[in-house]
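Below is protein.tsv, which holds TSV, C-alpha atoms.
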chain	number	residue	atom	x	y	z
A	1	MET	CA	76.72	-2.38	9.11
A	2	ALA	CA	75.24	-4.98	6.77
A	3	ASN	CA	77.76	-7.62	7.79
A	4	PRO	CA	76.07	-11.07	7.57
A	5	PHE	CA	77.88	-12.20	10.68
A	6	ARG	CA	76.46	-9.40	12.81
A	7	GLY	CA	73.63	-11.52	14.25
A	8	GLU	CA	75.92	-14.42	15.02
A	9	VAL	CA	78.49	-12.22	16.73
A	10	ILE	CA	75.88	-10.46	18.83
A	11	LYS	CA	74.41	-13.81	19.88
A	12	LEU	CA	77.88	-15.02	20.84
A	13	TYR	CA	78.48	-11.87	22.88
A	14	LYS	CA	75.16	-12.26	24.70
A	15	ASN	CA	75.84	-15.94	25.46
A	16	LEU	CA	79.29	-15.15	26.83
A	17	LEU	CA	77.91	-12.26	28.87
A	18	TYR	CA	75.31	-14.61	30.39
A	19	LEU	CA	77.98	-17.16	31.26
A	20	GLY	CA	80.18	-14.42	32.72
A	21	ARG	CA	77.74	-13.82	35.56
A	22	GLU	CA	79.21	-16.77	37.41
A	23	TYR	CA	82.85	-15.93	36.72
A	24	PRO	CA	84.97	-16.43	39.86
A	25	LYS	CA	86.61	-13.00	39.56
A	26	GLY	CA	83.19	-11.37	39.25
A	27	PRO	CA	80.86	-10.46	36.34
A	28	VAL	CA	82.25	-6.91	36.08
A	29	TYR	CA	85.81	-8.14	35.56
A	30	PHE	CA	84.53	-10.60	32.98
A	31	ARG	CA	82.41	-8.07	31.10
A	32	GLU	CA	85.28	-5.57	30.82
A	33	ARG	CA	87.55	-8.17	29.25
A	34	LEU	CA	84.78	-9.59	27.08
A	35	LYS	CA	83.96	-6.15	25.70
A	36	SER	CA	87.57	-5.24	24.96
A	37	ALA	CA	88.17	-8.62	23.30
A	38	PHE	CA	85.21	-8.05	20.97
A	39	MET	CA	85.98	-4.38	20.34
A	40	LYS	CA	89.55	-5.27	19.35
A	41	ASN	CA	88.18	-7.13	16.31
A	42	LYS	CA	85.23	-4.89	15.48
A	43	ASP	CA	86.70	-3.73	12.17
A	44	GLU	CA	87.36	-7.24	10.87
A	45	THR	CA	85.73	-7.87	7.48
A	46	ASP	CA	87.34	-11.07	6.20
A	47	PRO	CA	84.63	-13.78	6.56
A	48	GLU	CA	87.23	-16.50	7.13
A	49	LYS	CA	88.82	-14.57	9.99
A	50	ILE	CA	85.40	-13.76	11.48
A	51	LYS	CA	84.44	-17.42	11.40
A	52	LYS	CA	87.66	-18.28	13.21
A	53	LEU	CA	87.02	-15.63	15.86
A	54	VAL	CA	83.47	-16.85	16.41
A	55	ALA	CA	84.79	-20.41	16.73
A	56	ARG	CA	87.25	-19.18	19.34
A	57	GLY	CA	84.36	-17.58	21.19
A	58	GLU	CA	82.47	-20.89	21.18
A	59	PHE	CA	85.62	-22.57	22.49
A	60	VAL	CA	85.74	-20.09	25.37
A	61	ILE	CA	82.12	-20.95	26.16
A	62	LYS	CA	83.07	-24.61	26.47
A	63	GLU	CA	86.07	-23.72	28.64
A	64	LEU	CA	83.89	-21.64	30.97
A	65	GLU	CA	81.32	-24.41	31.31
A	66	ALA	CA	84.11	-26.84	32.19
A	67	LEU	CA	85.60	-24.36	34.69
A	68	TYR	CA	82.27	-23.88	36.44
A	69	PHE	CA	81.59	-27.59	36.59
A	70	LEU	CA	85.04	-28.43	37.97
A	71	ARG	CA	84.78	-25.71	40.59
A	72	LYS	CA	81.43	-26.97	41.74
A	73	TYR	CA	82.45	-30.63	41.60
A	74	ARG	CA	85.64	-30.03	43.60
A	75	THR	CA	83.79	-28.02	46.25
A	76	MET	CA	81.07	-30.67	46.55
A	77	LYS	CA	83.65	-33.44	46.73
A	78	LYS	CA	85.62	-31.63	49.44
A	79	ARG	CA	82.51	-30.99	51.48
A	80	LYS	CA	80.62	-34.20	51.00
A	81	GLY	CA	83.51	-36.63	50.80
A	82	ALA	CA	83.91	-39.45	48.29
A	83	ARG	CA	81.80	-41.85	50.32
A	84	PRO	CA	78.41	-41.23	51.99
A	85	GLY	CA	79.89	-42.38	55.30
A	86	LEU	CA	82.46	-39.60	55.24
A	87	MET	CA	79.80	-36.89	55.33
B	1	MET	CA	54.74	-48.00	31.50
B	2	SER	CA	54.00	-44.29	31.24
B	3	GLY	CA	57.63	-43.47	30.41
B	4	ARG	CA	57.29	-40.41	32.62
B	5	VAL	CA	60.08	-39.39	34.99
B	6	LEU	CA	59.56	-36.95	37.85
B	7	VAL	CA	62.61	-34.97	38.88
B	8	GLY	CA	62.62	-32.98	42.10
B	9	VAL	CA	64.70	-29.81	42.05
B	10	LYS	CA	65.38	-27.64	45.07
B	11	ARG	CA	66.24	-23.97	45.16
B	12	VAL	CA	69.09	-23.50	47.63
B	13	ILE	CA	71.64	-20.84	48.47
B	14	ASP	CA	74.38	-21.05	45.83
B	15	TYR	CA	77.26	-23.33	46.78
B	16	ALA	CA	79.85	-20.56	46.35
B	17	VAL	CA	78.14	-18.07	48.70
B	18	LYS	CA	79.59	-17.40	52.14
B	19	ILE	CA	76.79	-18.31	54.56
B	20	ARG	CA	75.96	-15.85	57.34
B	21	VAL	CA	73.85	-16.68	60.37
B	22	LYS	CA	71.07	-14.20	61.19
B	23	PRO	CA	71.82	-12.06	64.28
B	24	ASP	CA	68.85	-13.60	66.12
B	25	ASN	CA	70.19	-17.13	65.49
B	26	THR	CA	66.91	-18.32	63.98
B	27	GLY	CA	68.42	-19.20	60.64
B	28	VAL	CA	70.77	-18.08	57.89
B	29	VAL	CA	70.53	-14.91	55.84
B	30	THR	CA	68.67	-15.60	52.60
B	31	ASP	CA	67.46	-12.13	51.54
B	32	GLY	CA	69.42	-10.82	48.59
B	33	VAL	CA	71.63	-13.89	48.60
B	34	LYS	CA	72.37	-15.71	45.36
B	35	HIS	CA	70.29	-18.88	45.00
B	36	SER	CA	70.59	-21.66	42.45
B	37	MET	CA	69.58	-25.26	41.82
B	38	ASN	CA	70.99	-27.76	44.31
B	39	PRO	CA	74.01	-29.36	42.58
B	40	PHE	CA	72.73	-32.89	43.24
B	41	CYS	CA	69.40	-31.91	41.71
B	42	GLU	CA	71.28	-30.74	38.59
B	43	ILE	CA	72.78	-34.22	38.35
B	44	ALA	CA	69.29	-35.72	38.74
B	45	VAL	CA	67.89	-33.57	35.93
B	46	GLU	CA	70.84	-34.43	33.70
B	47	GLU	CA	70.25	-38.15	34.25
B	48	ALA	CA	66.56	-37.87	33.39
B	49	VAL	CA	67.28	-35.83	30.25
B	50	LYS	CA	69.94	-38.36	29.23
B	51	LEU	CA	67.39	-41.19	29.56
B	52	LYS	CA	65.01	-39.25	27.35
B	53	GLU	CA	67.74	-38.58	24.77
B	54	LYS	CA	68.43	-42.31	24.70
B	55	LYS	CA	64.69	-42.74	24.06
B	56	LEU	CA	64.34	-44.95	27.15
B	57	ILE	CA	61.72	-42.67	28.67
B	58	LYS	CA	59.21	-40.31	27.12
B	59	GLU	CA	58.79	-37.28	29.36
B	60	VAL	CA	60.74	-35.44	32.04
B	61	VAL	CA	58.70	-33.42	34.52
B	62	ALA	CA	60.58	-31.06	36.85
B	63	VAL	CA	59.01	-30.38	40.25
B	64	SER	CA	59.92	-27.78	42.84
B	65	CYS	CA	58.24	-26.79	46.11
B	66	GLY	CA	58.51	-23.25	47.39
B	67	PRO	CA	57.62	-19.61	46.84
B	68	GLN	CA	57.47	-17.79	43.50
B	69	GLN	CA	61.24	-17.92	43.07
B	70	ALA	CA	61.13	-21.72	42.86
B	71	GLN	CA	59.95	-21.16	39.29
B	72	GLU	CA	63.45	-19.93	38.35
B	73	THR	CA	64.81	-23.31	39.42
B	74	ILE	CA	62.18	-25.11	37.35
B	75	ARG	CA	63.11	-22.89	34.37
B	76	THR	CA	66.71	-24.00	34.71
B	77	ALA	CA	65.57	-27.63	34.64
B	78	LEU	CA	63.49	-26.88	31.53
B	79	ALA	CA	66.52	-25.25	29.94
B	80	MET	CA	68.50	-28.42	30.63
B	81	GLY	CA	65.92	-30.45	28.75
B	82	ALA	CA	62.95	-31.18	31.01
B	83	ASP	CA	59.64	-31.11	29.10
B	84	ARG	CA	57.40	-29.37	31.58
B	85	GLY	CA	57.39	-28.17	35.17
B	86	ILE	CA	55.18	-28.32	38.23
B	87	HIS	CA	55.51	-25.58	40.82
B	88	VAL	CA	54.04	-26.58	44.17
B	89	GLU	CA	53.36	-23.28	45.89
B	90	VAL	CA	54.58	-23.17	49.46
B	91	ALA	CA	55.28	-19.80	51.02
B	92	GLY	CA	55.70	-18.01	54.32
B	93	LYS	CA	55.64	-20.01	57.53
B	94	ASP	CA	54.91	-23.23	55.67
B	95	TYR	CA	58.04	-22.73	53.58
B	96	GLU	CA	60.19	-22.11	56.64
B	97	THR	CA	59.17	-25.46	58.09
B	98	LEU	CA	59.14	-27.32	54.77
B	99	GLY	CA	61.37	-30.37	55.09
B	100	PRO	CA	61.93	-33.83	53.63
B	101	LEU	CA	58.80	-35.27	55.22
B	102	GLN	CA	56.50	-32.68	53.65
B	103	VAL	CA	58.28	-32.70	50.29
B	104	SER	CA	58.19	-36.50	50.10
B	105	LYS	CA	54.43	-36.43	50.78
B	106	ILE	CA	54.05	-33.92	47.94
B	107	LEU	CA	56.23	-35.94	45.58
B	108	ALA	CA	54.38	-39.15	46.42
B	109	ALA	CA	51.02	-37.51	45.67
B	110	LEU	CA	52.37	-36.08	42.39
B	111	ALA	CA	53.91	-39.38	41.37
B	112	LYS	CA	50.51	-41.07	41.68
B	113	LYS	CA	48.73	-38.19	39.94
B	114	GLU	CA	51.23	-38.08	37.05
B	115	ASP	CA	51.58	-41.87	36.83
B	116	ALA	CA	55.36	-41.60	37.10
B	117	GLN	CA	57.55	-44.57	36.23
B	118	LEU	CA	60.63	-43.18	37.90
B	119	ILE	CA	61.43	-40.45	40.42
B	120	ILE	CA	64.97	-39.10	40.31
B	121	LEU	CA	66.15	-36.80	43.10
B	122	GLY	CA	69.46	-35.45	44.26
B	123	LYS	CA	70.82	-37.50	47.13
B	124	GLN	CA	70.75	-34.48	49.46
B	125	ALA	CA	70.46	-30.72	49.49
B	126	ILE	CA	73.53	-28.63	50.23
B	127	ASP	CA	71.63	-26.41	52.65
B	128	ASP	CA	70.26	-29.00	55.06
B	129	ASP	CA	72.28	-32.13	54.17
B	130	CYS	CA	69.24	-34.22	55.17
B	131	ASN	CA	69.58	-37.07	52.65
B	132	GLN	CA	66.01	-38.16	53.49
B	133	THR	CA	63.58	-37.04	50.80
B	134	GLY	CA	64.29	-39.84	48.33
B	135	GLN	CA	64.08	-42.53	50.97
B	136	MET	CA	60.88	-41.12	52.51
B	137	THR	CA	59.23	-40.77	49.10
B	138	ALA	CA	59.97	-44.39	48.26
B	139	ALA	CA	58.60	-45.51	51.62
B	140	LEU	CA	55.39	-43.50	51.24
B	141	LEU	CA	54.81	-44.98	47.79
B	142	ASP	CA	56.02	-48.43	48.81
B	143	TRP	CA	58.39	-48.29	45.82
B	144	PRO	CA	61.89	-49.72	45.67
B	145	GLN	CA	64.76	-47.23	45.97
B	146	GLY	CA	68.25	-46.97	44.49
B	147	THR	CA	70.08	-44.34	46.51
B	148	PHE	CA	73.58	-42.83	46.06
B	149	ALA	CA	73.40	-43.84	42.42
B	150	SER	CA	76.63	-43.49	40.47
B	151	GLU	CA	75.21	-45.39	37.50
B	152	VAL	CA	71.65	-45.96	36.34
B	153	SER	CA	70.47	-48.16	33.48
B	154	LEU	CA	66.99	-49.20	32.44
B	155	GLU	CA	66.59	-52.86	31.57
B	156	GLY	CA	63.05	-53.56	30.46
B	157	ASP	CA	60.77	-52.86	33.37
B	158	LYS	CA	63.63	-52.97	35.85
B	159	VAL	CA	66.32	-50.46	36.82
B	160	LYS	CA	69.93	-51.41	37.46
B	161	VAL	CA	71.55	-49.04	39.95
B	162	VAL	CA	75.20	-48.98	40.96
B	163	ARG	CA	75.36	-47.45	44.41
B	164	GLU	CA	78.38	-45.73	45.95
B	165	ILE	CA	78.50	-46.95	49.50
B	166	ASP	CA	81.08	-47.14	52.27
B	167	GLY	CA	82.28	-50.59	51.30
B	168	GLY	CA	82.65	-49.77	47.63
B	169	LEU	CA	80.12	-50.17	44.83
B	170	GLU	CA	76.89	-52.13	45.17
B	171	THR	CA	74.88	-53.07	42.10
B	172	ILE	CA	71.19	-53.70	42.57
B	173	LYS	CA	68.28	-54.38	40.24
B	174	ILE	CA	64.94	-52.96	41.26
B	175	ASN	CA	61.45	-53.01	39.79
B	176	THR	CA	59.79	-49.92	38.41
B	177	PRO	CA	58.20	-47.73	39.46
B	178	ALA	CA	61.13	-46.72	41.65
B	179	VAL	CA	62.93	-43.83	43.33
B	180	VAL	CA	66.57	-43.10	42.53
B	181	THR	CA	68.76	-40.53	44.25
B	182	ALA	CA	71.75	-39.12	42.38
B	183	ASP	CA	75.27	-39.05	43.75
B	184	LEU	CA	78.12	-36.83	42.59
B	185	ARG	CA	79.63	-39.27	40.12
B	186	LEU	CA	76.44	-40.12	38.26
B	187	ASN	CA	77.04	-37.66	35.42
B	188	THR	CA	78.27	-34.21	34.37
B	189	PRO	CA	75.29	-31.84	34.24
B	190	ARG	CA	75.04	-29.66	31.16
B	191	TYR	CA	75.10	-25.90	31.61
B	192	ALA	CA	71.81	-24.06	30.97
B	193	THR	CA	73.05	-21.64	28.30
B	194	LEU	CA	71.16	-18.53	27.24
B	195	PRO	CA	69.72	-19.98	23.99
B	196	ASN	CA	68.39	-22.99	25.93
B	197	ILE	CA	66.85	-20.73	28.55
B	198	MET	CA	65.14	-18.75	25.77
B	199	LYS	CA	63.79	-21.94	24.19
B	200	ALA	CA	62.59	-23.16	27.60
B	201	LYS	CA	60.34	-20.11	28.00
B	202	LYS	CA	57.81	-21.84	25.74
B	203	LYS	CA	57.58	-24.83	28.07
B	204	LYS	CA	54.74	-24.95	30.57
B	205	ILE	CA	54.96	-24.72	34.35
B	206	ALA	CA	51.79	-25.83	36.11
B	207	ASN	CA	50.84	-24.31	39.45
B	208	VAL	CA	49.67	-26.59	42.23
B	209	LYS	CA	48.87	-26.07	45.92
B	210	PRO	CA	49.72	-28.73	48.53
B	211	ALA	CA	46.06	-28.72	49.63
B	212	ASP	CA	45.07	-29.76	46.07
B	213	LEU	CA	47.21	-32.84	46.57
B	214	GLY	CA	45.72	-33.53	49.99
B	215	VAL	CA	49.04	-32.99	51.71
B	216	ASP	CA	49.35	-31.78	55.28
B	217	LEU	CA	52.39	-29.56	55.69
B	218	THR	CA	52.58	-29.55	59.48
B	219	SER	CA	56.12	-30.00	60.66
B	220	ARG	CA	57.11	-32.28	63.50
B	221	LEU	CA	60.36	-30.42	63.92
B	222	GLU	CA	61.12	-27.14	65.60
B	223	VAL	CA	64.39	-25.34	64.93
B	224	LEU	CA	65.59	-24.11	68.28
B	225	ARG	CA	68.77	-22.33	67.28
B	226	VAL	CA	71.19	-21.85	64.42
B	227	ASP	CA	74.84	-21.12	65.21
B	228	GLU	CA	78.02	-20.75	63.21
B	229	PRO	CA	80.47	-23.60	63.54
B	230	PRO	CA	83.01	-22.94	66.36
B	231	GLN	CA	85.95	-20.81	65.24
B	232	ARG	CA	88.96	-22.95	64.39
B	233	GLN	CA	91.60	-22.64	67.09
B	234	ALA	CA	94.84	-21.17	65.82
B	235	GLY	CA	97.22	-24.04	65.18
B	236	MET	CA	99.80	-24.69	67.84
B	237	LYS	CA	103.39	-24.95	66.82
B	238	GLY	CA	104.80	-28.21	68.14
B	239	SER	CA	108.39	-29.37	68.34
B	240	THR	CA	109.86	-30.65	65.08
B	241	GLU	CA	110.29	-34.13	66.55
B	242	LEU	CA	106.59	-34.46	67.31
B	243	SER	CA	105.54	-33.35	63.85
B	244	ARG	CA	107.86	-35.81	62.21
B	245	ARG	CA	106.42	-38.62	64.29
B	246	ASP	CA	102.88	-37.58	63.41
B	247	SER	CA	103.35	-37.59	59.65

Structure encoded using structure tokens:
Amino acid sequence: MANPFRGEVIKLYKNLLYLGREYPKGPVYFRERLKSAFMKNKDETDPEKIKKLVARGEFVIKELEALYFLRKYRTMKKRKGARPGLM
Amino acid sequence: MSGRVLVGVKRVIDYAVKIRVKPDNTGVVTDGVKHSMNPFCEIAVEEAVKLKEKKLIKEVVAVSCGPQQAQETIRTALAMGADRGIHVEVAGKDYETLGPLQVSKILAALAKKEDAQLIILGKQAIDDDCNQTGQMTAALLDWPQGTFASEVSLEGDKVKVVREIDGGLETIKINTPAVVTADLRLNTPRYATLPNIMKAKKKKIANVKPADLGVDLTSRLEVLRVDEPPQRQAGMKGSTELSRRDS
């Protein structure tokens, strides 16, 4: 496969896989869905469509980062309280 | 001013892990348990990196005290944008009794050695909730401190810190060098993505022993017992009248 996007797609997959380790429903659940999502489009050849799919992947990365931060922030806030005196 | 900022990062049990007390009640189970950087330390690193990106300071040095695994935590800080790391090797018995007093002595010695302009720490660690290291470090160095910082700005050779306290927000201006401890609302830490972690592998982590810094690690505290919090009593169903009055 001499597709010029191959490197980019593989990098995207690896980045998502790395992020998936912290997924609330577990890394296995995440990896299964990640793999099937990528495999669904493996025969895509239109560069425009590939670019769009990669952009969607980057969007998912941002969503995951936001999810992880909010989860952590909310847990910290619940535990530590909004004011030092409430700890 | 050296433009160098020291950031302390602590490796703690991950916030999402369910903590289990060891059967002998001497501590909590840490073997095989997921560890990560203390969330308040992440906020501290983020603040330091932000200052560097604004070109207000020149170098961010991440410091962690502990066994070999502490290096993972330093690597995360490097991936977030710190320039280099210092791993202060503390293992075994010494690590079990390592607390704010010992860490603040280490940080004070490093701050002098590295000619730090600013030390940024998390306000407290989620495993011991001490909220002491920043304050002790400032006292040992005789530096001013801005704790519970929800906003930090550098103004010349002074630091303006907005502190989140019981009464509301307190704004103070302190001289540098100074110690600042980060509170939850200071910033939103960036995630250490895989490409950043790869790039960070080129950054250096120096190895230092507490003895090299002339620090005595003896603890003045002895942990007698660790217990789980008491089980919550099952709620009692009261009469509807009572519950209406209570609400």

Starting from chain A, keep only residues with some atom at most 12 Å from an atom of chain B, counting only C-alpha atoms, and report them as a PDB file with C-alpha atoms, in the coordinates of the input.
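Now in out_18.pdb:
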ATOM      1  CA  LYS A  11      74.410 -13.810  19.880  1.00  0.00           C
ATOM      2  CA  LEU A  12      77.880 -15.020  20.840  1.00  0.00           C
ATOM      3  CA  TYR A  13      78.480 -11.870  22.880  1.00  0.00           C
ATOM      4  CA  LYS A  14      75.160 -12.260  24.700  1.00  0.00           C
ATOM      5  CA  ASN A  15      75.840 -15.940  25.460  1.00  0.00           C
ATOM      6  CA  LEU A  16      79.290 -15.150  26.830  1.00  0.00           C
ATOM      7  CA  LEU A  17      77.910 -12.260  28.870  1.00  0.00           C
ATOM      8  CA  TYR A  18      75.310 -14.610  30.390  1.00  0.00           C
ATOM      9  CA  LEU A  19      77.980 -17.160  31.260  1.00  0.00           C
ATOM     10  CA  GLY A  20      80.180 -14.420  32.720  1.00  0.00           C
ATOM     11  CA  ARG A  21      77.740 -13.820  35.560  1.00  0.00           C
ATOM     12  CA  GLU A  22      79.210 -16.770  37.410  1.00  0.00           C
ATOM     13  CA  TYR A  23      82.850 -15.930  36.720  1.00  0.00           C
ATOM     14  CA  PRO A  24      84.970 -16.430  39.860  1.00  0.00           C
ATOM     15  CA  GLU A  58      82.470 -20.890  21.180  1.00  0.00           C
ATOM     16  CA  ILE A  61      82.120 -20.950  26.160  1.00  0.00           C
ATOM     17  CA  LYS A  62      83.070 -24.610  26.470  1.00  0.00           C
ATOM     18  CA  GLU A  63      86.070 -23.720  28.640  1.00  0.00           C
ATOM     19  CA  LEU A  64      83.890 -21.640  30.970  1.00  0.00           C
ATOM     20  CA  GLU A  65      81.320 -24.410  31.310  1.00  0.00           C
ATOM     21  CA  ALA A  66      84.110 -26.840  32.190  1.00  0.00           C
ATOM     22  CA  LEU A  67      85.600 -24.360  34.690  1.00  0.00           C
ATOM     23  CA  TYR A  68      82.270 -23.880  36.440  1.00  0.00           C
ATOM     24  CA  PHE A  69      81.590 -27.590  36.590  1.00  0.00           C
ATOM     25  CA  LEU A  70      85.040 -28.430  37.970  1.00  0.00           C
ATOM     26  CA  ARG A  71      84.780 -25.710  40.590  1.00  0.00           C
ATOM     27  CA  LYS A  72      81.430 -26.970  41.740  1.00  0.00           C
ATOM     28  CA  TYR A  73      82.450 -30.630  41.600  1.00  0.00           C
ATOM     29  CA  ARG A  74      85.640 -30.030  43.600  1.00  0.00           C
ATOM     30  CA  THR A  75      83.790 -28.020  46.250  1.00  0.00           C
ATOM     31  CA  MET A  76      81.070 -30.670  46.550  1.00  0.00           C
ATOM     32  CA  LYS A  77      83.650 -33.440  46.730  1.00  0.00           C
ATOM     33  CA  LYS A  78      85.620 -31.630  49.440  1.00  0.00           C
ATOM     34  CA  ARG A  79      82.510 -30.990  51.480  1.00  0.00           C
ATOM     35  CA  LYS A  80      80.620 -34.200  51.000  1.00  0.00           C
ATOM     36  CA  GLY A  81      83.510 -36.630  50.800  1.00  0.00           C
ATOM     37  CA  ALA A  82      83.910 -39.450  48.290  1.00  0.00           C
ATOM     38  CA  ARG A  83      81.800 -41.850  50.320  1.00  0.00           C
ATOM     39  CA  PRO A  84      78.410 -41.230  51.990  1.00  0.00           C
ATOM     40  CA  GLY A  85      79.890 -42.380  55.300  1.00  0.00           C
ATOM     41  CA  LEU A  86      82.460 -39.600  55.240  1.00  0.00           C
ATOM     42  CA  MET A  87      79.800 -36.890  55.330  1.00  0.00           C
TER      43      MET A  87
END

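Coordinates place CA of Val223 in chain B at a distance of 15.2 Å from CA of Pro23 in chain B.
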
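Of the listed residues B:Cys130, B:Ala200, B:Ala44, B:Leu110, the one whose atoms come nearest to Val7 in chain B is B:Ala44, with distances taken using all atoms listed in the file.
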
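Residues in contact with Glu72 in chain B at 12 Å, where all atoms listed in the file are counted and same-chain residues fewer than 6 positions away are skipped, are listed as Val9, Lys10, Arg11, Val12, His35, Ser36, Met37, Ala62, Val63, Ser64, Cys65, Gly66, Leu78, Ala79, Gly85, Ile86, His87, Ala192, Ile197, Ala200, Lys201 and Ile205 of chain B.
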
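In this structure, CA of Val61 in chain B sits 19.7 Å away from CA of Met136 in chain B.
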
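Residues lying at most 8 Å from (50.3, -18.2, 44.0) in file coordinates, with only C-alpha atoms considered, are Pro67, Gln68, Glu89 and Asn207 of chain B.
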